[in-house]
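Novice: My structure file protein17.cif, mmCIF, C-alpha atoms, is below:
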```cif
data_target
loop_
_atom_site.label_atom_id
_atom_site.label_comp_id
_atom_site.auth_asym_id
_atom_site.auth_seq_id
_atom_site.Cartn_x
_atom_site.Cartn_y
_atom_site.Cartn_z
CA MET T 1 111.02 37.97 151.36
CA GLY T 2 109.71 38.53 147.83
CA THR T 3 111.02 36.60 144.87
CA LYS T 4 113.08 38.35 142.24
CA ARG T 5 111.31 38.67 138.91
CA THR T 6 113.14 38.10 135.67
CA PRO T 7 113.00 41.27 133.54
CA ARG T 8 110.64 40.92 130.61
CA SER T 9 111.80 41.64 127.09
CA PRO T 10 109.92 44.17 124.91
CA ARG T 11 108.56 41.19 122.96
CA GLN T 12 107.19 39.62 126.16
CA LYS T 13 105.62 42.93 127.21
CA TYR T 14 103.92 43.13 123.81
CA GLY T 15 102.57 39.62 124.24
CA GLU T 16 101.36 40.26 127.78
CA GLU T 17 99.50 43.38 126.68
CA LEU T 18 97.90 41.41 123.86
CA ARG T 19 96.74 38.77 126.34
CA LEU T 20 95.28 41.37 128.73
CA ARG T 21 93.47 43.22 125.94
CA ARG T 22 92.09 39.95 124.55
CA ILE T 23 90.75 38.91 127.95
CA ALA T 24 89.27 42.37 128.51
CA ALA T 25 87.47 42.02 125.17
CA GLY T 26 85.99 38.71 126.33
CA LEU T 27 87.73 36.68 123.62
CA THR T 28 89.43 33.30 123.85
CA GLN T 29 92.58 32.61 121.85
CA GLU T 30 90.43 30.55 119.48
CA ALA T 31 87.94 33.38 118.99
CA LEU T 32 90.68 35.94 118.35
CA SER T 33 92.44 33.60 115.93
CA GLU T 34 89.28 33.40 113.82
CA GLN T 35 89.19 37.18 113.45
CA VAL T 36 92.93 37.52 112.83
CA VAL T 37 92.81 34.56 110.39
CA CYS T 38 95.57 32.48 112.01
CA SER T 39 95.87 29.46 114.29
CA PRO T 40 95.23 29.59 118.07
CA THR T 41 98.77 28.28 118.47
CA LEU T 42 100.13 31.40 116.81
CA ILE T 43 98.10 33.59 119.19
CA SER T 44 99.69 31.62 122.03
CA HIS T 45 103.18 32.25 120.63
CA TRP T 46 102.48 35.99 120.38
CA GLU T 47 101.16 36.21 123.92
CA ALA T 48 104.13 34.27 125.31
CA GLY T 49 106.51 36.66 123.57
CA ARG T 50 108.05 33.91 121.46
CA ARG T 51 107.03 35.56 118.20
CA LEU T 52 105.74 38.89 116.94
CA PRO T 53 102.83 39.33 114.53
CA LYS T 54 103.42 40.60 111.04
CA PRO T 55 102.17 44.14 110.29
CA ASP T 56 98.98 42.88 108.59
CA ASP T 57 98.33 40.54 111.56
CA ALA T 58 98.73 43.51 113.94
CA GLN T 59 96.19 45.47 111.88
CA ARG T 60 93.67 42.65 112.23
CA ILE T 61 94.39 42.42 115.97
CA ASP T 62 93.63 46.13 116.34
CA ARG T 63 90.36 45.71 114.43
CA ALA T 64 89.34 42.67 116.49
CA LEU T 65 90.14 44.31 119.84
CA GLY T 66 89.12 47.85 118.90
CA THR T 67 92.53 49.20 119.88
CA ASP T 68 92.76 51.89 117.19
CA GLY T 69 96.18 51.02 115.75
CA PHE T 70 97.81 50.45 119.16
CA PHE T 71 99.46 47.12 118.30
CA VAL T 72 100.54 48.30 114.83
CA ARG T 73 102.31 51.35 116.30
CA TRP T 74 103.96 49.30 119.06
CA LEU T 75 105.14 46.75 116.52
CA GLU T 76 106.90 49.52 114.59
CA ASP T 77 108.68 50.59 117.79
CA LEU T 78 110.00 47.05 118.25
CA ASP T 79 111.89 47.19 114.97
CA THR T 80 115.38 45.69 115.16
CA VAL T 81 118.57 45.79 113.13
CA PHE T 82 117.36 42.60 111.44
CA ALA T 83 114.95 42.68 108.51
CA ARG T 84 111.40 42.33 109.85
CA TYR T 85 110.89 39.00 108.09
CA PHE T 86 113.98 37.60 109.85
CA ALA T 87 113.69 39.19 113.31
CA THR T 88 111.59 36.34 114.73
CA VAL T 89 114.01 33.75 113.40
CA ALA T 90 116.93 35.60 115.02
CA ASP T 91 115.16 35.29 118.38
CA LEU T 92 114.11 31.68 117.94
CA GLU T 93 117.48 30.32 116.84
CA SER T 94 118.98 31.01 120.27
CA GLU T 95 116.35 28.69 121.81
CA ALA T 96 116.85 25.83 119.33
CA THR T 97 118.42 22.52 120.29
CA GLU T 98 119.35 21.76 116.67
CA ILE T 99 119.78 23.97 113.63
CA ARG T 100 120.29 22.91 110.05
CA LEU T 101 121.59 25.47 107.57
CA TYR T 102 121.98 25.39 103.82
CA GLY T 103 124.25 27.74 101.91
CA ALA T 104 123.60 27.81 98.17
CA ALA T 105 125.39 30.95 96.98
CA LEU T 106 126.50 32.40 100.32
CA ILE T 107 128.00 31.17 103.56
CA PRO T 108 125.11 31.29 106.09
CA GLY T 109 125.12 34.33 108.39
CA LEU T 110 125.75 32.35 111.59
CA LEU T 111 129.12 31.23 110.21
CA GLN T 112 130.32 34.42 108.55
CA THR T 113 133.48 36.26 109.49
CA SER T 114 133.25 40.03 110.00
CA ALA T 115 135.06 40.73 106.73
CA TYR T 116 132.78 38.39 104.77
CA SER T 117 129.65 39.92 106.35
CA LEU T 118 130.86 43.42 105.52
CA ALA T 119 131.33 42.51 101.86
CA VAL T 120 127.84 40.97 101.69
CA PHE T 121 126.15 44.00 103.30
CA LYS T 122 127.97 46.40 100.97
CA ALA T 123 126.85 44.41 97.94
CA TYR T 124 123.11 44.63 98.52
CA ARG T 125 122.81 48.05 100.17
CA PRO T 126 123.26 50.76 97.49
CA ASN T 127 123.41 53.58 100.07
CA TYR T 128 125.03 53.06 103.42
CA THR T 129 127.10 54.68 106.13
CA ALA T 130 130.06 53.13 107.91
CA GLU T 131 128.07 53.24 111.17
CA GLU T 132 125.15 51.30 109.65
CA LEU T 133 127.43 48.65 108.21
CA ASP T 134 129.23 48.27 111.53
CA GLU T 135 125.91 47.76 113.32
CA PHE T 136 124.85 45.06 110.85
CA VAL T 137 128.18 43.24 111.07
CA VAL T 138 128.24 43.32 114.87
CA SER T 139 124.66 42.04 115.10
CA ARG T 140 125.39 39.18 112.74
CA GLY T 141 128.53 38.33 114.68
CA ARG T 142 126.58 38.19 117.96
CA ARG T 143 124.26 35.59 116.47
CA GLY T 144 127.19 33.32 115.77
CA LEU T 145 128.33 33.39 119.39
CA MET T 146 125.66 30.85 120.31
CA LEU T 147 127.72 28.19 118.54
CA ASP T 148 130.36 28.67 121.25
CA ARG T 149 127.98 27.22 123.84
CA PRO T 150 128.72 23.61 124.80
CA HIS T 151 126.35 20.97 123.42
CA VAL T 152 123.45 23.30 122.47
CA PRO T 153 122.52 23.80 119.73
CA THR T 154 123.70 20.98 117.51
CA ALA T 155 124.56 22.71 114.26
CA TRP T 156 124.60 21.21 110.78
CA VAL T 157 125.52 23.10 107.65
CA LEU T 158 125.22 21.92 104.08
CA LEU T 159 127.29 24.07 101.70
CA ASP T 160 127.10 24.11 97.95
CA GLU T 161 130.57 24.14 96.42
CA ALA T 162 129.50 27.27 94.53
CA ALA T 163 129.29 29.16 97.85
CA LEU T 164 132.88 28.16 98.60
CA ARG T 165 134.19 29.41 95.26
CA ARG T 166 132.23 32.68 94.93
CA ARG T 167 134.89 35.24 95.86
CA ILE T 168 133.01 37.47 98.34
CA GLY T 169 135.27 40.30 99.52
CA GLY T 170 138.32 39.04 97.65
CA PRO T 171 140.60 35.99 97.96
CA ALA T 172 142.02 36.80 101.42
CA VAL T 173 138.54 37.26 102.89
CA MET T 174 137.37 33.98 101.35
CA ALA T 175 140.40 32.07 102.60
CA GLU T 176 139.80 33.33 106.14
CA GLN T 177 136.10 32.46 105.90
CA LEU T 178 136.68 28.92 104.70
CA HIS T 179 139.38 28.19 107.25
CA LYS T 180 136.99 29.36 109.97
CA ILE T 181 134.36 26.85 108.84
CA ALA T 182 136.91 24.04 108.65
CA ASP T 183 138.27 24.97 112.09
CA MET T 184 134.77 24.93 113.62
CA THR T 185 134.10 21.53 112.08
CA GLU T 186 137.36 20.02 113.31
CA ALA T 187 136.69 21.46 116.79
CA GLY T 188 133.33 19.66 116.91
CA ARG T 189 131.24 22.85 116.94
CA LEU T 190 129.75 22.15 113.54
CA ARG T 191 128.72 19.22 111.40
CA MET T 192 129.62 20.38 107.89
CA HIS T 193 129.07 18.71 104.51
CA VAL T 194 129.73 20.03 101.02
CA LEU T 195 127.56 19.42 97.99
CA PRO T 196 130.16 19.20 95.22
CA LEU T 197 129.34 20.67 91.83
CA SER T 198 129.70 17.17 90.44
CA ALA T 199 126.58 16.13 92.41
CA GLY T 200 124.45 17.86 89.79
CA ALA T 201 120.77 18.39 90.61
CA HIS T 202 119.74 17.96 94.25
CA ALA T 203 116.67 18.44 96.45
CA LEU T 204 117.61 21.95 97.67
CA LEU T 205 118.65 23.34 94.31
CA GLU T 206 115.67 25.69 94.06
CA GLY T 207 115.93 27.49 97.40
CA MET T 208 117.49 28.34 100.74
CA ILE T 209 116.25 26.57 103.88
CA TYR T 210 116.92 26.90 107.61
CA LEU T 211 115.53 24.25 110.00
CA LEU T 212 115.05 24.79 113.73
CA THR T 213 114.29 22.06 116.30
CA PHE T 214 113.28 22.78 119.91
CA ALA T 215 113.19 20.76 123.14
CA ASP T 216 109.70 21.97 124.11
CA GLY T 217 108.08 23.04 120.86
CA ALA T 218 107.28 21.99 117.33
CA PRO T 219 110.04 22.30 114.72
CA LEU T 220 110.07 25.22 112.32
CA ALA T 221 111.40 25.86 108.84
CA TYR T 222 112.44 29.18 107.35
CA ALA T 223 112.91 29.94 103.66
CA GLU T 224 114.29 33.22 102.33
CA GLY T 225 114.30 34.99 99.00
CA LEU T 226 115.17 38.48 97.78
CA HIS T 227 113.83 40.97 100.38
CA THR T 228 111.42 38.38 101.77
CA GLY T 229 111.32 35.46 104.17
CA ASN T 230 108.77 32.86 105.25
CA LEU T 231 108.73 31.19 108.67
CA MET T 232 106.75 27.95 108.39
CA ASP T 233 105.13 26.00 111.23
CA ASP T 234 102.70 23.77 109.33
CA PRO T 235 103.78 20.22 110.35
CA ALA T 236 103.45 18.77 106.85
CA THR T 237 105.43 21.61 105.27
CA VAL T 238 108.17 21.45 107.91
CA ALA T 239 108.43 17.67 107.49
CA ALA T 240 108.73 18.11 103.72
CA CYS T 241 111.57 20.61 104.25
CA HIS T 242 113.39 18.12 106.49
CA THR T 243 112.97 15.44 103.83
CA SER T 244 114.44 17.73 101.16
CA TYR T 245 117.38 18.55 103.42
CA ASN T 246 118.06 14.87 104.10
CA LEU T 247 117.85 14.04 100.40
CA ALA T 248 120.39 16.74 99.56
CA LEU T 249 122.58 15.61 102.46
CA SER T 250 122.68 12.12 100.96
CA ASN T 251 124.34 13.62 97.86
CA ALA T 252 127.02 15.45 99.87
CA ALA T 253 130.60 14.49 100.59
CA SER T 254 131.48 12.96 103.96
CA LEU T 255 132.58 15.18 106.81
CA ASP T 256 136.28 14.41 106.33
CA GLU T 257 136.05 14.81 102.56
CA SER T 258 134.17 18.09 103.05
CA VAL T 259 136.80 19.53 105.39
CA ALA T 260 139.53 18.54 102.94
CA LEU T 261 137.65 20.21 100.06
CA VAL T 262 137.06 23.41 102.04
CA ARG T 263 140.76 23.59 102.98
CA ALA T 264 141.79 22.97 99.37
CA ILE T 265 139.53 25.72 98.02
CA ALA T 266 140.78 28.07 100.77
CA LYS T 267 144.33 27.47 99.54
CA GLU T 268 143.21 28.25 95.99
CA HIS T 269 141.92 31.60 97.24
CA GLU T 270 145.16 32.18 99.16
CA SER T 271 147.23 31.56 96.03
CA CYS T 272 145.31 34.34 94.27
CA SER T 273 146.11 36.84 97.04
CA THR T 274 149.87 36.31 96.98
CA PRO T 275 152.12 38.94 95.34
CA GLY T 276 152.26 38.72 91.57
CA THR T 277 148.81 37.17 91.17
CA SER T 278 145.41 38.67 90.48
CA SER T 279 143.41 39.70 93.55
CA SER T 280 140.37 41.14 91.83
CA THR T 281 136.98 40.13 93.14
CA ALA T 282 134.37 38.34 91.12
CA PRO T 283 131.55 40.43 89.62
CA ARG T 284 128.61 40.98 91.93
#
```
Let's see the structure in the file written out as structure tokens.
Specialist:
Amino acid sequence: MGTKRTPRSPRQKYGEELRLRRIAAGLTQEALSEQVVCSPTLISHWEAGRRLPKPDDAQRIDRALGTDGFFVRWLEDLDTVFARYFATVADLESEATEIRLYGAALIPGLLQTSAYSLAVFKAYRPNYTAEELDEFVVSRGRRGLMLDRPHVPTAWVLLDEAALRRRIGGPAVMAEQLHKIADMTEAGRLRMHVLPLSAGAHALLEGMIYLLTFADGAPLAYAEGLHTGNLMDDPATVAACHTSYNLALSNAASLDESVALVRAIAKEHESCSTPGTSSSTAPR
């Protein structure tokens, strides 16, 4: 009796086709990596379906293999609801054994409530439809479901106090969001620390960082800016990102103090949403 094969994802099919075309061209992973201008390890990740090449990488693959735009066109068909620079991270985070998040001005996406996510998406998309927004919110919510799994991944979040006070979506939305984070922390699903404004300058002040650790692979770091993101696998760079995170963590309040601060700020938001008080949102 034949064994049942696990269905392959579109990403795995892409990688398998890349491997077959490379072999047919008589190239090793090392030889292809020289022409694509990347590491052999990255070629291995692509062929295993763990990551997808960027558009310019796909162009170089097509030139190296003489495939006349085949891998560029297929890459476009694999587009997801996530921004291209984040799509790989969205796949990888579900395989991580530990994740470390930092929220400077926003609550990280994995922890957002639907109402908070909706307000964020509305703010940075000048033209949208209700259907598009719903798709974005649902996709972001699905990502957060992995934190319901027992034991894996271990999740840490470091939140700047500014992210707790910025009134995204209005006071009621913020109160719900902050209580969710405090509830997750008290339930043991999250290790949460707050960087109070009184901490002043800290090691993560200049950027957002997301750290991923795996049981059977090298750790990764992801940094994001306006309409761009950078997934880093260079060991020295990733180690430096971990050091910066740990330095900032050393300036944060303890877990119990952090939960108390989050609850207190949530109550401040709640007091602004009660009858007779202002419920206007902060400027965006």
Novice: Suppose you want the space between atom CA of Arg63 of chain T and atom CA of Gly26 of chain T; what is it in Å?
Specialist: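 Here the two named atoms are 14.5 Å from each other.
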Novice: Could you tell me, as a PyMOL selection string, exactly which residues end up selected when the PyMOL selection byres ((chain T and resi 265) around 12) is applied to this structure?
Specialist: chain T and resi 161-167+171-172+174-179+182+194+196+258-264+266-272
Novice: For the selection just defined, write its residues with C-alpha atoms to a file, as a JSON list (two decimals), in the frame of the given file.
Specialist:
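Output file part-v5.json follows:
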```json
[["chain", "number", "residue", "atom", "x", "y", "z"],
["T", 161, "GLU", "CA", 130.57, 24.14, 96.42],
["T", 162, "ALA", "CA", 129.50, 27.27, 94.53],
["T", 163, "ALA", "CA", 129.29, 29.16, 97.85],
["T", 164, "LEU", "CA", 132.88, 28.16, 98.60],
["T", 165, "ARG", "CA", 134.19, 29.41, 95.26],
["T", 166, "ARG", "CA", 132.23, 32.68, 94.93],
["T", 167, "ARG", "CA", 134.89, 35.24, 95.86],
["T", 171, "PRO", "CA", 140.60, 35.99, 97.96],
["T", 172, "ALA", "CA", 142.02, 36.80, 101.42],
["T", 174, "MET", "CA", 137.37, 33.98, 101.35],
["T", 175, "ALA", "CA", 140.40, 32.07, 102.60],
["T", 176, "GLU", "CA", 139.80, 33.33, 106.14],
["T", 177, "GLN", "CA", 136.10, 32.46, 105.90],
["T", 178, "LEU", "CA", 136.68, 28.92, 104.70],
["T", 179, "HIS", "CA", 139.38, 28.19, 107.25],
["T", 182, "ALA", "CA", 136.91, 24.04, 108.65],
["T", 194, "VAL", "CA", 129.73, 20.03, 101.02],
["T", 196, "PRO", "CA", 130.16, 19.20, 95.22],
["T", 258, "SER", "CA", 134.17, 18.09, 103.05],
["T", 259, "VAL", "CA", 136.80, 19.53, 105.39],
["T", 260, "ALA", "CA", 139.53, 18.54, 102.94],
["T", 261, "LEU", "CA", 137.65, 20.21, 100.06],
["T", 262, "VAL", "CA", 137.06, 23.41, 102.04],
["T", 263, "ARG", "CA", 140.76, 23.59, 102.98],
["T", 264, "ALA", "CA", 141.79, 22.97, 99.37],
["T", 266, "ALA", "CA", 140.78, 28.07, 100.77],
["T", 267, "LYS", "CA", 144.33, 27.47, 99.54],
["T", 268, "GLU", "CA", 143.21, 28.25, 95.99],
["T", 269, "HIS", "CA", 141.92, 31.60, 97.24],
["T", 270, "GLU", "CA", 145.16, 32.18, 99.16],
["T", 271, "SER", "CA", 147.23, 31.56, 96.03],
["T", 272, "CYS", "CA", 145.31, 34.34, 94.27]]
```
Novice: Using atom CA of Pro40 of chain T and atom CA of Ile61 of chain T as the two end points, give the distance in Å to one decimal.
Specialist: 13.0 Å
Novice: Can you tell me how far atom CA of Ala203 of chain T sits from atom CA of Glu224 of chain T, in Å to one decimal?
Specialist: 16.1 Å
Novice: I would like the residues chosen by the PyMOL selection byres ((chain T and resi 108-124) around 6) on the shown file; could you give them as a list of chain:residue names?
Specialist: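 Applying the expression gives T:Gly103, T:Ile107, T:Arg125, T:Val137, T:Gly144, T:Gly169, T:Gln177.
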Novice: Within 7 Å of (100.8, 38.2, 123.2), all atoms listed in the file: residues as a list in words?
Specialist: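 Every polymer residue passing the test: Tyr14, Gly15, Glu16, Glu17, Leu18, Arg19, Ile43, Ser44, His45, Trp46, Glu47, Ala48 and Gly49 of chain T.
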Novice: Using the chain letters and residue numbers of this document, give as number ranges by chain the residues selected by the PyMOL selection byres ((chain T and resi 65) around 10).
Specialist: T: 18, 21-27, 32, 35, 60-64, 66-71
Novice: Considering only C-alpha atoms, can you say which of T:Pro126, T:Gly170, T:Pro219, T:Gly229 comes closest to Arg100 of chain T?
Specialist: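 Ranked by minimum distance to Arg100 of chain T, first place goes to T:Pro219.
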Novice: Residues within 10 Å of Val89 of chain T, please, as a PyMOL selection string. Count only C-alpha atoms; anything in the same chain fewer than 5 positions from it doesn't count.
Specialist: chain T and resi 51+82+84+94+210+212+220-222+229-231
Novice: Using all atoms listed in the file, can you tell me which of T:Leu197, T:Ala83, T:Leu204, T:Ala96 comes closest to Ala240 of chain T?
Specialist: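 Distance minimum relative to Ala240 of chain T lands on T:Leu204.
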